[in-house]
Amino acid sequence: MNLPLFIAKRIYNGPALSKQVSRPAVIISMIGIAIGLAVMIIAVSVITGFKSEIRSKVTGFASHLLVTDVNAVMGDESTPVIFNDSLQSLLSAHPQVAHVQHYSQKAGMMKTIDSFQGVVAKGIGPDYQTDFLRQHIIQGELTQFSDTASSNTVLISKVLADKLQLKVGDKVDTYFFDDNIRARKLLVTGIYETHFSAFDGLYVFTDLYMVNRLNHWDSDEASGVEVKLKDDGALEQTTFELGTLLNDFSDRNGTRYGVVNVEQQNPAVFSWLEVLDVNIWVILVLMIGIAGFTMIAGLLIIIIERTQMIGVLKSLGANNTTIRHLFLWLSVFLIGRGMLWGNIIGLTFYFVQRYTGLFTLDPTTYYMDKVPVSLSIPVWLLLNIGTLLISVLMLVGPSYIVARILPANSMRYE
């Protein structure tokens with residue numbers, strides 16, 4: 001029989017524990033553990049959710065990888081690339097590639113009677129995955145854009161709709177500039193809103209055919225080819241591998257292709273997200289530290305209060321290791337109770353926010369209108385196991401105080 005565990009259970013479950021002078025210290029220690037774990041669960045779920053939401057919006061607009069003219073990978077307009085079966089097969093053959101789609105874009109200006117706004121018209125065709133756009137449409141609908149005919153329709157953002165005072169069903173004059181000014185009257189069939197101002201205030205979506213005609217391009221030419229990956233964890237490796245494949249690839253126009261990933265296209269956004277990782281570690285260290293130190297204080301008070309019991313156990317032959325294990329087991333029970341309440345608080349916040357969106361944000365500042373949360377079971381288990389192990393390890397040193405308690409003195413202790 002495990003004697004330390006047996007005695008620790010008797011102390012923990014016995015009525016005497018609730019009557020001890022150490023009870024306030026025990027309660028404070030458990031509250032410290034509960035608050036620490038709850039804050040860690042909330043912080044990790046919010047920061048993880050925020051990073052996931054921002055990343056999904058950026059990749060929703062730009063995909064994971066962009067294949068385009070090697071000299072113009074960052075421009076609004078570029079030398080066209082030839083999107084043919086050869087290029088599509090080459091890209092699709094990579095094991096990490098989930099989908100390949102092409103687009104064309106043209107800078108222009110939308111004008112109404114009272115206002116005007118610069119835009120980039122992004123032309124898309126039937127091969128373009130529109131799940132992201134459909135998810136964020138708030139008015140109207142997304143028409144099926146074509147690469148063989150022009151519908152003269154456009155999907156605009158709520159930001160542009162508000163600035164130009166447009167609504168679904170309105171027609172807007174749109175001007176495009178090259179050697180001459182070319183005008184199109186486009187019908188607004190839908191309005192989307194992602195709260196990501198860097199894109200919402202700039203991009204409108206229309207037919208690939210119309211944009212190609214405005215650029216004086218053939219039907220198989222495009223501004224670039226977007227590549228969606230199965231696993232964005234392989235982003236850097238896939239960028240390098242596809243870049244190597246396309247290093248000596250050129251089309252009939254002599255255009256050489258380059259590959260740039262979404263992080264390289266948006267360095268400021270992803271540098272900002274990396275800073276959030278530092279915030280997570282700071283919060284975790286602070287919370288575990290607070291929880292651990294409150295538990296140390298509680299353990300020391302319990303040991304001092306149990307001095308007479310320690311003396312009796314030593315006089316009966318128990319060694320210091322056995323007694324230390326007794327108090328460590330008792331600490332595990334108390335930490336477990338605190339962790340139970342910490343999980344209740346943290347997970348309650350998580351599920352309430354996930355399914356109700358109770359806590360809101362200013363979308364102009366945070367790019368979303370409610371606090372995002374995301375928490376996987378492995379991360380949740382890691383937080384709990386890590387909290388338990390680190391808290392117990394922090395108590396190993398203070399538990400050695402039992403070695404300084406002598407039976408002859410402790411049995412006279414009152």
# chains A, B, ... in the order shown; residues from 1 in each chain; ligands from 1

$ residues_around --residues "Gly289 (chain A)" --least-positions-apart "4" --cutoff "9 Å" --atoms "only C-alpha atoms" --output "ChimeraX atom specification"
/A:36,284-285,293-294,391

$ write_last_selection --atoms "C-alpha atoms" --output "tab-separated table (two decimals), in the first residue's frame"
chain	number	residue	atom	x	y	z
A	36	GLY	CA	-4.26	30.99	-13.42
A	284	LEU	CA	1.59	31.43	-19.49
A	285	VAL	CA	4.77	32.10	-17.48
A	293	PHE	CA	3.77	30.63	-5.60
A	294	THR	CA	0.30	30.74	-4.03
A	391	SER	CA	2.98	23.38	-9.94

$ select_by_dssp --residues "region 260-373 of chain A" --states "helix (DSSP H, G or I)" --output "PyMOL selection string"
chain A and resi 262-265+267-305+307-315+320-356+363-366

$ residues_around --residues "region 161-169 of chain A" --least-positions-apart "6" --cutoff "7 Å" --atoms "only C-alpha atoms" --output "tab-separated table (two decimals) with N, CA and C atoms, in the first residue's frame"
chain	number	residue	atom	x	y	z
A	112	THR	N	-19.36	57.88	-58.57
A	112	THR	CA	-20.78	58.21	-58.51
A	112	THR	C	-20.93	59.72	-58.61
A	115	SER	N	-19.16	61.02	-55.27
A	115	SER	CA	-17.88	60.54	-54.76
A	115	SER	C	-17.19	59.65	-55.78
A	116	PHE	N	-15.93	59.36	-55.51
A	116	PHE	CA	-15.19	58.42	-56.34
A	116	PHE	C	-14.19	57.68	-55.45
A	140	GLY	N	-27.17	40.68	-51.18
A	140	GLY	CA	-27.12	40.22	-52.55
A	140	GLY	C	-26.52	38.83	-52.68
A	187	LEU	N	-23.06	46.48	-62.80
A	187	LEU	CA	-24.19	46.28	-61.90
A	187	LEU	C	-23.71	45.63	-60.60
A	188	VAL	N	-24.03	46.25	-59.47
A	188	VAL	CA	-23.66	45.71	-58.16
A	188	VAL	C	-24.64	44.59	-57.81
A	189	THR	N	-24.14	43.36	-57.79
A	189	THR	CA	-25.01	42.22	-57.47
A	189	THR	C	-24.83	41.71	-56.04
A	190	GLY	N	-23.76	42.14	-55.38
A	190	GLY	CA	-23.52	41.68	-54.02
A	190	GLY	C	-22.55	42.58	-53.28

$ atom_distance --atom1 "CA of Arg55 (chain A)" --atom2 "CA of Ser223 (chain A)"
22.9 Å

$ residues_around --residues "region 44-52 of chain A" --least-positions-apart "5" --cutoff "6 Å" --atoms "only C-alpha atoms" --output "PyMOL selection string"
chain A and resi 372-375

$ select_by_dssp --residues "region 146-230 of chain A" --states "strand (DSSP E)" --output "PyMOL selection string"
chain A and resi 153-157+171-177+181-192+203-207+221-222+224-229

$ residues_around --residues "region 10-13 of chain A" --least-positions-apart "3" --cutoff "12 Å" --atoms "only C-alpha atoms" --output "PyMOL selection string"
chain A and resi 3-7+16-20+23+26+302+306+309+326-337

$ closest_residue --among "A:Gly346, A:Pro378, A:Pro398, A:Gly201" --to "Gly118 (chain A)" --atoms "only C-alpha atoms"
A:Gly201

$ closest_residue --among "A:Ile345, A:Met339, A:Val225, A:Val58" --to "Val81 (chain A)" --atoms "only C-alpha atoms"
A:Val225

$ closest_residue --among "A:Thr322, A:Thr130, A:Thr255, A:Asn261" --to "Thr79 (chain A)" --atoms "only C-alpha atoms"
A:Thr255

$ residues_around --residues "Phe196 (chain A)" --least-positions-apart "6" --cutoff "10 Å" --atoms "only C-alpha atoms" --output "compact mmCIF listing (two decimals) with C-alpha atoms, in the first residue's frame"
# COMPACT_ATOMS: atom_id res chain seq x y z
CA ILE A 54 -6.55 36.85 -39.56
CA LYS A 57 -8.85 36.21 -44.20
CA VAL A 58 -5.46 36.91 -45.76
CA VAL A 159 -16.55 49.86 -47.20
CA PRO A 363 -13.81 45.95 -36.48
CA THR A 364 -11.96 49.06 -37.65
CA THR A 365 -9.20 48.29 -35.14
CA TYR A 366 -9.23 44.50 -34.79
CA TYR A 367 -10.45 43.41 -38.29
CA MET A 368 -13.37 41.48 -36.81

$ atom_distance --atom1 "CA of Phe205 (chain A)" --atom2 "CA of Ala121 (chain A)"
5.8 Å

$ decode --residues "region 262-303 of chain A" --atoms "N, CA and C atoms" --output "mmCIF file, in the first residue's frame"
data_model
loop_
_atom_site.group_PDB
_atom_site.id
_atom_site.type_symbol
_atom_site.label_atom_id
_atom_site.label_comp_id
_atom_site.auth_asym_id
_atom_site.auth_seq_id
_atom_site.Cartn_x
_atom_site.Cartn_y
_atom_site.Cartn_z
ATOM 1 N N VAL A 262 2.077 33.750 -49.032
ATOM 2 C CA VAL A 262 1.236 34.792 -48.441
ATOM 3 C C VAL A 262 1.966 35.562 -47.350
ATOM 4 N N GLU A 263 2.889 34.923 -46.648
ATOM 5 C CA GLU A 263 3.646 35.617 -45.608
ATOM 6 C C GLU A 263 4.638 36.613 -46.213
ATOM 7 N N GLN A 264 5.199 36.267 -47.359
ATOM 8 C CA GLN A 264 6.104 37.182 -48.035
ATOM 9 C C GLN A 264 5.361 38.351 -48.657
ATOM 10 N N GLN A 265 4.114 38.135 -49.059
ATOM 11 C CA GLN A 265 3.313 39.207 -49.619
ATOM 12 C C GLN A 265 2.807 40.170 -48.557
ATOM 13 N N ASN A 266 2.616 39.671 -47.344
ATOM 14 C CA ASN A 266 2.058 40.490 -46.263
ATOM 15 C C ASN A 266 2.954 40.397 -45.029
ATOM 16 N N PRO A 267 4.202 40.872 -45.119
ATOM 17 C CA PRO A 267 5.141 40.700 -43.998
ATOM 18 C C PRO A 267 4.716 41.413 -42.722
ATOM 19 N N ALA A 268 4.090 42.582 -42.860
ATOM 20 C CA ALA A 268 3.688 43.341 -41.666
ATOM 21 C C ALA A 268 2.633 42.588 -40.868
ATOM 22 N N VAL A 269 1.664 42.000 -41.572
ATOM 23 C CA VAL A 269 0.580 41.277 -40.899
ATOM 24 C C VAL A 269 1.117 40.069 -40.149
ATOM 25 N N PHE A 270 1.984 39.298 -40.798
ATOM 26 C CA PHE A 270 2.465 38.068 -40.179
ATOM 27 C C PHE A 270 3.533 38.331 -39.120
ATOM 28 N N SER A 271 4.257 39.443 -39.232
ATOM 29 C CA SER A 271 5.170 39.830 -38.147
ATOM 30 C C SER A 271 4.377 40.190 -36.907
ATOM 31 N N TRP A 272 3.253 40.847 -37.119
ATOM 32 C CA TRP A 272 2.357 41.191 -36.017
ATOM 33 C C TRP A 272 1.820 39.928 -35.352
ATOM 34 N N LEU A 273 1.449 38.913 -36.155
ATOM 35 C CA LEU A 273 0.941 37.670 -35.583
ATOM 36 C C LEU A 273 2.015 36.933 -34.794
ATOM 37 N N GLU A 274 3.278 37.041 -35.224
ATOM 38 C CA GLU A 274 4.370 36.406 -34.488
ATOM 39 C C GLU A 274 4.554 37.039 -33.115
ATOM 40 N N VAL A 275 4.298 38.337 -33.021
ATOM 41 C CA VAL A 275 4.399 39.022 -31.725
ATOM 42 C C VAL A 275 3.379 38.448 -30.748
ATOM 43 N N LEU A 276 2.211 38.030 -31.263
ATOM 44 C CA LEU A 276 1.185 37.455 -30.395
ATOM 45 C C LEU A 276 1.665 36.166 -29.744
ATOM 46 N N ASP A 277 2.536 35.420 -30.416
ATOM 47 C CA ASP A 277 3.097 34.205 -29.813
ATOM 48 C C ASP A 277 3.900 34.543 -28.566
ATOM 49 N N VAL A 278 4.631 35.655 -28.619
ATOM 50 C CA VAL A 278 5.392 36.100 -27.441
ATOM 51 C C VAL A 278 4.437 36.434 -26.305
ATOM 52 N N ASN A 279 3.322 37.083 -26.644
ATOM 53 C CA ASN A 279 2.326 37.424 -25.617
ATOM 54 C C ASN A 279 1.786 36.180 -24.929
ATOM 55 N N ILE A 280 1.562 35.117 -25.699
ATOM 56 C CA ILE A 280 1.051 33.875 -25.108
ATOM 57 C C ILE A 280 2.033 33.340 -24.073
ATOM 58 N N TRP A 281 3.325 33.299 -24.420
ATOM 59 C CA TRP A 281 4.319 32.755 -23.495
ATOM 60 C C TRP A 281 4.456 33.620 -22.248
ATOM 61 N N VAL A 282 4.367 34.928 -22.416
ATOM 62 C CA VAL A 282 4.438 35.823 -21.253
ATOM 63 C C VAL A 282 3.281 35.541 -20.301
ATOM 64 N N ILE A 283 2.075 35.406 -20.862
ATOM 65 C CA ILE A 283 0.891 35.132 -20.043
ATOM 66 C C ILE A 283 1.015 33.784 -19.349
ATOM 67 N N LEU A 284 1.468 32.760 -20.070
ATOM 68 C CA LEU A 284 1.595 31.429 -19.485
ATOM 69 C C LEU A 284 2.591 31.423 -18.333
ATOM 70 N N VAL A 285 3.745 32.070 -18.534
ATOM 71 C CA VAL A 285 4.768 32.105 -17.478
ATOM 72 C C VAL A 285 4.254 32.844 -16.253
ATOM 73 N N LEU A 286 3.600 33.979 -16.471
ATOM 74 C CA LEU A 286 3.082 34.769 -15.335
ATOM 75 C C LEU A 286 2.015 33.993 -14.570
ATOM 76 N N MET A 287 1.079 33.393 -15.279
ATOM 77 C CA MET A 287 -0.023 32.696 -14.614
ATOM 78 C C MET A 287 0.456 31.456 -13.865
ATOM 79 N N ILE A 288 1.356 30.683 -14.489
ATOM 80 C CA ILE A 288 1.882 29.500 -13.799
ATOM 81 C C ILE A 288 2.711 29.922 -12.593
ATOM 82 N N GLY A 289 3.447 31.011 -12.738
ATOM 83 C CA GLY A 289 4.231 31.519 -11.615
ATOM 84 C C GLY A 289 3.346 31.933 -10.454
ATOM 85 N N ILE A 290 2.293 32.678 -10.746
ATOM 86 C CA ILE A 290 1.361 33.116 -9.690
ATOM 87 C C ILE A 290 0.712 31.905 -9.021
ATOM 88 N N ALA A 291 0.231 30.964 -9.851
ATOM 89 C CA ALA A 291 -0.418 29.774 -9.294
ATOM 90 C C ALA A 291 0.558 28.969 -8.441
ATOM 91 N N GLY A 292 1.792 28.820 -8.938
ATOM 92 C CA GLY A 292 2.783 28.040 -8.200
ATOM 93 C C GLY A 292 3.151 28.660 -6.867
ATOM 94 N N PHE A 293 3.353 29.975 -6.846
ATOM 95 C CA PHE A 293 3.768 30.632 -5.601
ATOM 96 C C PHE A 293 2.647 30.658 -4.564
ATOM 97 N N THR A 294 1.400 30.811 -5.012
ATOM 98 C CA THR A 294 0.299 30.739 -4.028
ATOM 99 C C THR A 294 0.201 29.335 -3.458
ATOM 100 N N MET A 295 0.497 28.330 -4.274
ATOM 101 C CA MET A 295 0.456 26.946 -3.786
ATOM 102 C C MET A 295 1.607 26.683 -2.831
ATOM 103 N N ILE A 296 2.766 27.274 -3.079
ATOM 104 C CA ILE A 296 3.912 27.126 -2.166
ATOM 105 C C ILE A 296 3.558 27.685 -0.800
ATOM 106 N N ALA A 297 2.945 28.874 -0.794
ATOM 107 C CA ALA A 297 2.555 29.490 0.485
ATOM 108 C C ALA A 297 1.570 28.593 1.235
ATOM 109 N N GLY A 298 0.598 28.038 0.484
ATOM 110 C CA GLY A 298 -0.374 27.153 1.122
ATOM 111 C C GLY A 298 0.273 25.903 1.681
ATOM 112 N N LEU A 299 1.213 25.318 0.947
ATOM 113 C CA LEU A 299 1.883 24.100 1.404
ATOM 114 C C LEU A 299 2.693 24.362 2.671
ATOM 115 N N LEU A 300 3.415 25.463 2.713
ATOM 116 C CA LEU A 300 4.223 25.775 3.890
ATOM 117 C C LEU A 300 3.353 25.944 5.128
ATOM 118 N N ILE A 301 2.208 26.595 4.937
ATOM 119 C CA ILE A 301 1.299 26.777 6.080
ATOM 120 C C ILE A 301 0.741 25.436 6.533
ATOM 121 N N ILE A 302 0.389 24.563 5.606
ATOM 122 C CA ILE A 302 -0.122 23.234 5.959
ATOM 123 C C ILE A 302 0.945 22.445 6.717
ATOM 124 N N ILE A 303 2.203 22.498 6.250
ATOM 125 C CA ILE A 303 3.291 21.767 6.915
ATOM 126 C C ILE A 303 3.487 22.265 8.333
#
